[in-house]
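Structure below is entry.cif: mmCIF, C-alpha atoms; chains and numbers go by the auth columns.
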data_coords
#
loop_
_atom_site.group_PDB
_atom_site.id
_atom_site.type_symbol
_atom_site.label_atom_id
_atom_site.label_comp_id
_atom_site.label_asym_id
_atom_site.label_seq_id
_atom_site.Cartn_x
_atom_site.Cartn_y
_atom_site.Cartn_z
_atom_site.B_iso_or_equiv
_atom_site.auth_seq_id
_atom_site.auth_asym_id
ATOM 1 C CA MET A 1 -109.530 -74.907 14.026 0.00 3 A
ATOM 2 C CA THR A 2 -113.175 -75.437 13.070 0.00 4 A
ATOM 3 C CA VAL A 3 -112.561 -73.836 9.690 0.00 5 A
ATOM 4 C CA LEU A 4 -109.563 -76.134 9.084 0.00 6 A
ATOM 5 C CA LEU A 5 -111.608 -79.257 9.951 0.00 7 A
ATOM 6 C CA SER A 6 -114.470 -78.036 7.755 0.00 8 A
ATOM 7 C CA LEU A 7 -112.113 -77.520 4.805 0.00 9 A
ATOM 8 C CA LEU A 8 -110.544 -80.945 5.361 0.00 10 A
ATOM 9 C CA PHE A 9 -113.985 -82.611 5.429 0.00 11 A
ATOM 10 C CA PHE A 10 -115.041 -80.651 2.319 0.00 12 A
ATOM 11 C CA GLU A 11 -111.865 -81.776 0.492 0.00 13 A
ATOM 12 C CA VAL A 12 -112.420 -85.440 1.431 0.00 14 A
ATOM 13 C CA SER A 13 -116.045 -85.373 0.279 0.00 15 A
ATOM 14 C CA LEU A 14 -115.023 -83.835 -3.066 0.00 16 A
ATOM 15 C CA SER A 15 -112.308 -86.400 -3.691 0.00 17 A
ATOM 16 C CA ALA A 16 -114.722 -89.267 -2.885 0.00 18 A
ATOM 17 C CA GLN A 17 -116.976 -88.185 -5.772 0.00 19 A
ATOM 18 C CA VAL A 18 -114.296 -88.468 -8.450 0.00 20 A
ATOM 19 C CA ALA A 19 -114.989 -91.293 -10.920 0.00 21 A
ATOM 20 C CA GLN A 20 -112.503 -94.131 -11.254 0.00 22 A
ATOM 21 C CA GLU A 21 -110.820 -94.069 -14.654 0.00 23 A
ATOM 22 C CA ARG A 22 -110.940 -97.441 -16.426 0.00 24 A
ATOM 23 C CA TRP A 23 -108.073 -98.735 -18.543 0.00 25 A
ATOM 24 C CA VAL A 24 -107.181 -101.906 -20.420 0.00 26 A
ATOM 25 C CA ILE A 25 -104.128 -103.330 -22.165 0.00 27 A
ATOM 26 C CA ALA A 26 -105.269 -104.736 -25.511 0.00 28 A
ATOM 27 C CA THR A 27 -103.903 -105.375 -28.982 0.00 29 A
ATOM 28 C CA CYS A 28 -106.284 -102.867 -30.546 0.00 30 A
ATOM 29 C CA GLY A 29 -109.227 -100.651 -29.674 0.00 31 A
ATOM 30 C CA GLY A 30 -110.773 -97.292 -30.259 0.00 32 A
ATOM 31 C CA GLN A 31 -113.402 -94.718 -29.524 0.00 33 A
ATOM 32 C CA SER A 32 -115.655 -92.696 -31.845 0.00 34 A
ATOM 33 C CA ALA A 33 -118.378 -90.178 -31.114 0.00 35 A
ATOM 34 C CA SER A 34 -120.993 -88.420 -33.238 0.00 36 A
ATOM 35 C CA GLY A 35 -123.680 -86.321 -31.622 0.00 37 A
ATOM 36 C CA ASN A 36 -125.255 -88.273 -28.756 0.00 38 A
ATOM 37 C CA ILE A 37 -123.818 -91.627 -29.883 0.00 39 A
ATOM 38 C CA SER A 38 -120.433 -92.979 -28.866 0.00 40 A
ATOM 39 C CA LEU A 39 -118.760 -96.272 -29.730 0.00 41 A
ATOM 40 C CA ASN A 40 -115.964 -97.831 -27.679 0.00 42 A
ATOM 41 C CA TRP A 41 -114.407 -101.135 -28.630 0.00 43 A
ATOM 42 C CA THR A 42 -111.596 -103.458 -27.589 0.00 44 A
ATOM 43 C CA LEU A 43 -110.180 -106.259 -29.727 0.00 45 A
ATOM 44 C CA GLY A 44 -109.663 -109.548 -27.918 0.00 46 A
ATOM 45 C CA GLU A 45 -112.991 -110.046 -26.141 0.00 47 A
ATOM 46 C CA PRO A 46 -115.243 -111.739 -28.716 0.00 48 A
ATOM 47 C CA MET A 47 -117.297 -113.451 -26.004 0.00 49 A
ATOM 48 C CA THR A 48 -117.762 -112.926 -22.281 0.00 50 A
ATOM 49 C CA GLU A 49 -119.913 -114.649 -19.703 0.00 51 A
ATOM 50 C CA THR A 50 -122.278 -113.384 -17.045 0.00 52 A
ATOM 51 C CA TYR A 51 -123.028 -115.347 -13.869 0.00 53 A
ATOM 52 C CA ASN A 52 -126.153 -114.872 -11.733 0.00 54 A
ATOM 53 C CA ALA A 53 -126.571 -116.312 -8.235 0.00 55 A
ATOM 54 C CA SER A 54 -128.713 -115.163 -5.297 0.00 56 A
ATOM 55 C CA GLY A 55 -129.343 -111.727 -6.772 0.00 57 A
ATOM 56 C CA LEU A 56 -125.620 -111.128 -7.457 0.00 58 A
ATOM 57 C CA THR A 57 -124.459 -110.650 -11.057 0.00 59 A
ATOM 58 C CA VAL A 58 -120.815 -110.941 -12.082 0.00 60 A
ATOM 59 C CA SER A 59 -119.836 -110.101 -15.672 0.00 61 A
ATOM 60 C CA GLN A 60 -116.549 -110.564 -17.464 0.00 62 A
ATOM 61 C CA GLY A 61 -115.127 -108.065 -19.899 0.00 63 A
ATOM 62 C CA PHE A 62 -113.866 -104.524 -20.007 0.00 64 A
ATOM 63 C CA GLN A 63 -116.460 -102.778 -22.202 0.00 65 A
ATOM 64 C CA GLN A 64 -119.456 -102.675 -19.868 0.00 66 A
ATOM 65 C CA GLU A 65 -121.859 -99.924 -19.011 0.00 67 A
ATOM 66 C CA ALA A 66 -125.418 -100.094 -17.697 0.00 68 A
ATOM 67 C CA LEU A 67 -126.443 -103.231 -19.601 0.00 69 A
ATOM 68 C CA THR A 68 -130.110 -104.174 -19.806 0.00 70 A
ATOM 69 C CA THR A 69 -131.215 -107.488 -21.280 0.00 71 A
ATOM 70 C CA THR A 70 -134.788 -108.187 -22.247 0.00 72 A
ATOM 71 C CA GLY A 71 -136.600 -111.084 -23.852 0.00 73 A
ATOM 72 C CA ILE A 72 -134.473 -113.945 -22.530 0.00 74 A
ATOM 73 C CA HIS A 73 -136.126 -117.002 -21.022 0.00 75 A
ATOM 74 C CA ASP A 74 -133.573 -118.196 -18.458 0.00 76 A
ATOM 75 C CA ALA A 75 -134.910 -121.645 -17.565 0.00 77 A
ATOM 76 C CA SER A 76 -132.659 -124.628 -18.106 0.00 78 A
ATOM 77 C CA LEU A 77 -133.555 -128.233 -18.767 0.00 79 A
ATOM 78 C CA PHE A 78 -134.296 -130.223 -15.639 0.00 80 A
ATOM 79 C CA TYR A 79 -132.432 -133.363 -16.644 0.00 81 A
ATOM 80 C CA GLU A 80 -128.888 -134.304 -17.591 0.00 82 A
ATOM 81 C CA VAL A 81 -127.745 -133.755 -21.170 0.00 83 A
ATOM 82 C CA THR A 82 -124.348 -134.930 -22.432 0.00 84 A
ATOM 83 C CA VAL A 83 -122.648 -133.589 -25.567 0.00 85 A
ATOM 84 C CA PHE A 84 -119.463 -135.326 -26.777 0.00 86 A
ATOM 85 C CA PRO A 85 -116.731 -135.310 -28.046 0.00 87 A
ATOM 86 C CA ASN A 86 -115.824 -131.688 -27.478 0.00 88 A
ATOM 87 C CA PRO A 87 -113.673 -130.458 -29.190 0.00 89 A
ATOM 88 C CA THR A 88 -114.634 -132.340 -32.331 0.00 90 A
ATOM 89 C CA SER A 89 -113.858 -132.418 -36.040 0.00 91 A
ATOM 90 C CA GLN A 90 -116.585 -134.604 -37.583 0.00 92 A
ATOM 91 C CA VAL A 91 -119.668 -135.381 -35.474 0.00 93 A
ATOM 92 C CA LEU A 92 -121.106 -134.353 -32.099 0.00 94 A
ATOM 93 C CA TYR A 93 -123.352 -136.695 -30.173 0.00 95 A
ATOM 94 C CA VAL A 94 -126.152 -135.752 -27.766 0.00 96 A
ATOM 95 C CA THR A 95 -127.570 -138.030 -25.095 0.00 97 A
ATOM 96 C CA ALA A 96 -130.424 -137.174 -22.743 0.00 98 A
ATOM 97 C CA PRO A 97 -131.683 -140.467 -21.291 0.00 99 A
ATOM 98 C CA ASP A 98 -134.072 -138.784 -18.832 0.00 100 A
ATOM 99 C CA ALA A 99 -135.651 -136.400 -21.354 0.00 101 A
ATOM 100 C CA ASN A 100 -139.439 -136.693 -21.401 0.00 102 A
ATOM 101 C CA GLY A 101 -139.803 -135.668 -25.046 0.00 103 A
ATOM 102 C CA PRO A 102 -137.959 -134.481 -28.143 0.00 104 A
ATOM 103 C CA LEU A 103 -135.425 -131.615 -28.127 0.00 105 A
ATOM 104 C CA LEU A 104 -134.869 -128.976 -30.763 0.00 106 A
ATOM 105 C CA ALA A 105 -131.114 -128.750 -31.421 0.00 107 A
ATOM 106 C CA GLU A 106 -129.646 -125.610 -33.000 0.00 108 A
ATOM 107 C CA LEU A 107 -125.985 -125.066 -33.844 0.00 109 A
ATOM 108 C CA VAL A 108 -125.339 -121.313 -33.646 0.00 110 A
ATOM 109 C CA GLY A 109 -122.319 -119.307 -34.851 0.00 111 A
ATOM 110 C CA MET A 110 -120.578 -116.591 -32.830 0.00 112 A
ATOM 111 C CA ASN A 111 -122.611 -113.943 -34.681 0.00 113 A
ATOM 112 C CA GLY A 112 -125.923 -115.549 -33.640 0.00 114 A
ATOM 113 C CA THR A 113 -126.729 -117.167 -36.987 0.00 115 A
ATOM 114 C CA VAL A 114 -128.412 -120.575 -36.754 0.00 116 A
ATOM 115 C CA LEU A 115 -126.235 -122.817 -38.950 0.00 117 A
ATOM 116 C CA TRP A 116 -128.043 -126.120 -38.372 0.00 118 A
ATOM 117 C CA SER A 117 -131.339 -127.057 -36.762 0.00 119 A
ATOM 118 C CA GLN A 118 -133.048 -130.403 -36.180 0.00 120 A
ATOM 119 C CA GLN A 119 -135.603 -131.998 -33.872 0.00 121 A
ATOM 120 C CA LEU A 120 -133.943 -134.812 -31.874 0.00 122 A
ATOM 121 C CA ALA A 121 -136.486 -137.626 -31.523 0.00 123 A
ATOM 122 C CA HIS A 122 -137.260 -139.156 -28.126 0.00 124 A
ATOM 123 C CA PRO A 123 -135.539 -141.217 -26.687 0.00 125 A
ATOM 124 C CA ILE A 124 -132.337 -139.226 -27.169 0.00 126 A
ATOM 125 C CA GLU A 125 -129.532 -141.772 -27.147 0.00 127 A
ATOM 126 C CA LYS A 126 -126.396 -140.710 -29.032 0.00 128 A
ATOM 127 C CA SER A 127 -128.131 -138.471 -31.578 0.00 129 A
ATOM 128 C CA PRO A 128 -125.550 -137.296 -34.161 0.00 130 A
ATOM 129 C CA ILE A 129 -124.972 -133.648 -35.086 0.00 131 A
ATOM 130 C CA PRO A 130 -122.793 -133.219 -38.207 0.00 132 A
ATOM 131 C CA VAL A 131 -120.060 -130.559 -37.972 0.00 133 A
ATOM 132 C CA ALA A 132 -117.523 -131.796 -40.575 0.00 134 A
ATOM 133 C CA ALA A 133 -118.579 -129.207 -43.187 0.00 135 A
ATOM 134 C CA LEU A 134 -118.182 -126.279 -40.777 0.00 136 A
ATOM 135 C CA PRO A 135 -114.932 -124.294 -40.550 0.00 137 A
ATOM 136 C CA ALA A 136 -112.801 -124.577 -37.426 0.00 138 A
ATOM 137 C CA ALA A 137 -114.292 -122.170 -34.879 0.00 139 A
ATOM 138 C CA THR A 138 -116.293 -121.889 -31.662 0.00 140 A
ATOM 139 C CA TYR A 139 -120.022 -122.593 -31.896 0.00 141 A
ATOM 140 C CA PHE A 140 -122.954 -122.898 -29.499 0.00 142 A
ATOM 141 C CA LEU A 141 -125.290 -125.869 -29.366 0.00 143 A
ATOM 142 C CA VAL A 142 -128.686 -124.809 -27.997 0.00 144 A
ATOM 143 C CA LEU A 143 -131.034 -127.607 -26.911 0.00 145 A
ATOM 144 C CA ARG A 144 -134.666 -126.591 -26.271 0.00 146 A
ATOM 145 C CA ASN A 145 -137.622 -128.684 -25.105 0.00 147 A
ATOM 146 C CA ASP A 146 -141.312 -128.167 -25.951 0.00 148 A
ATOM 147 C CA ASP A 147 -141.800 -126.006 -22.817 0.00 149 A
ATOM 148 C CA GLY A 148 -139.226 -123.477 -24.077 0.00 150 A
ATOM 149 C CA ASN A 149 -136.607 -124.461 -21.480 0.00 151 A
ATOM 150 C CA SER A 150 -133.114 -124.683 -22.917 0.00 152 A
ATOM 151 C CA THR A 151 -129.480 -125.338 -22.224 0.00 153 A
ATOM 152 C CA THR A 152 -126.457 -124.183 -24.212 0.00 154 A
ATOM 153 C CA PHE A 153 -123.101 -125.882 -24.807 0.00 155 A
ATOM 154 C CA LYS A 154 -119.976 -124.158 -26.099 0.00 156 A
ATOM 155 C CA ILE A 155 -118.556 -126.353 -28.903 0.00 157 A
ATOM 156 C CA GLN A 156 -115.042 -126.162 -30.314 0.00 158 A
ATOM 157 C CA LYS A 157 -114.697 -127.399 -33.913 0.00 159 A
ATOM 158 C CA PHE A 158 -111.125 -128.064 -35.105 0.00 160 A
#
Once you've parsed the file, please lay out its structure as structure tokens.
Amino acid sequence: MTVLLSLLFFEVSLSAQVAQERWVIATCGGQSASGNISLNWTLGEPMTETYNASGLTVSQGFQQEALTTTGIHDASLFYEVTVFPNPTSQVLYVTAPDANGPLLAELVGMNGTVLWSQQLAHPIEKSPIPVAALPAATYFLVLRNDDGNSTTFKIQKF
């Protein structure tokens, strides 16, 4: 009887160490390997978000491993900023009535390229950002103060 219980416990402990296989239903994807390098990709997730609160991190997306991020200053602006209209086709406007100085505004493409940059003079009351010449797509508007604090808005251009 002791041998049977020992074998049962041994079997349970072995099955608990088996890794969970991940799977996804996607329109396209693939895997390639060469030496010590492997590449896995899935079409349909061009952008995901990560949320941090009280030491807990929740990330969206299927293709995730042990991700390490360095060099990011994660301090937001300490006053209200409004960006409108969103979505837009011609011009975006930025208001920050409580800002205590100018803001650097950068319009960034999905690949990280800065497409437009300008210092918004204080007071910031309906400062225009031209988007008419840009193709229809999703962009990011990054607003940064002199202290390096920033906030980012997802902008849809149609």
Legend entry - Output check: residues returned by the PyMOL selection byres ((chain A and resi 102) around 8), as a ChimeraX atom specification: /A:100-101,103-104,124-125
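We find CA of Gly150 in chain A and CA of Val110 in chain A to be spaced 17.0 Å apart.
In this structure, CA of Leu117 in chain A sits 19.1 Å away from CA of Pro87 in chain A.
Put simply, CA of Leu122 in chain A is 15.7 Å away from CA of Phe155 in chain A.
Put simply, the PyMOL selection byres ((chain A and resi 157) around 6) in this file takes in A:Thr140, A:Tyr141, A:Phe142, A:Lys156, A:Gln158.
Proximity of A:Thr29, A:Ser119, A:Val83, A:Ala138 to Thr154 in chain A, computed with all atoms listed in the file, is greatest for A:Val83.
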Inset, instruction - Can you work out which one of A:Leu105, A:Thr97, A:Leu79, A:Asn42 has the shortest atom-to-atom distance to Ala123 in chain A, counting all atoms listed in the file? - result: A:Leu105
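Excluding range 128-136 of chain A itself and same-chain residues fewer than 4 positions from it, the residues having an atom within 10 Å of it are A:Thr84, A:Val85, A:Phe86, A:Thr90, A:Ser91, A:Gln92, A:Val93, A:Leu94, A:Tyr95, A:Val96, A:Thr97, A:Ala98, A:Pro99, A:Ala107, A:Glu108, A:Leu109, A:Leu117, A:Trp118, A:Ser119, A:Gln120, A:Leu122, A:Ala123, A:His124, A:Tyr141, A:Leu143, A:Lys159, A:Phe160, counting only C-alpha atoms.
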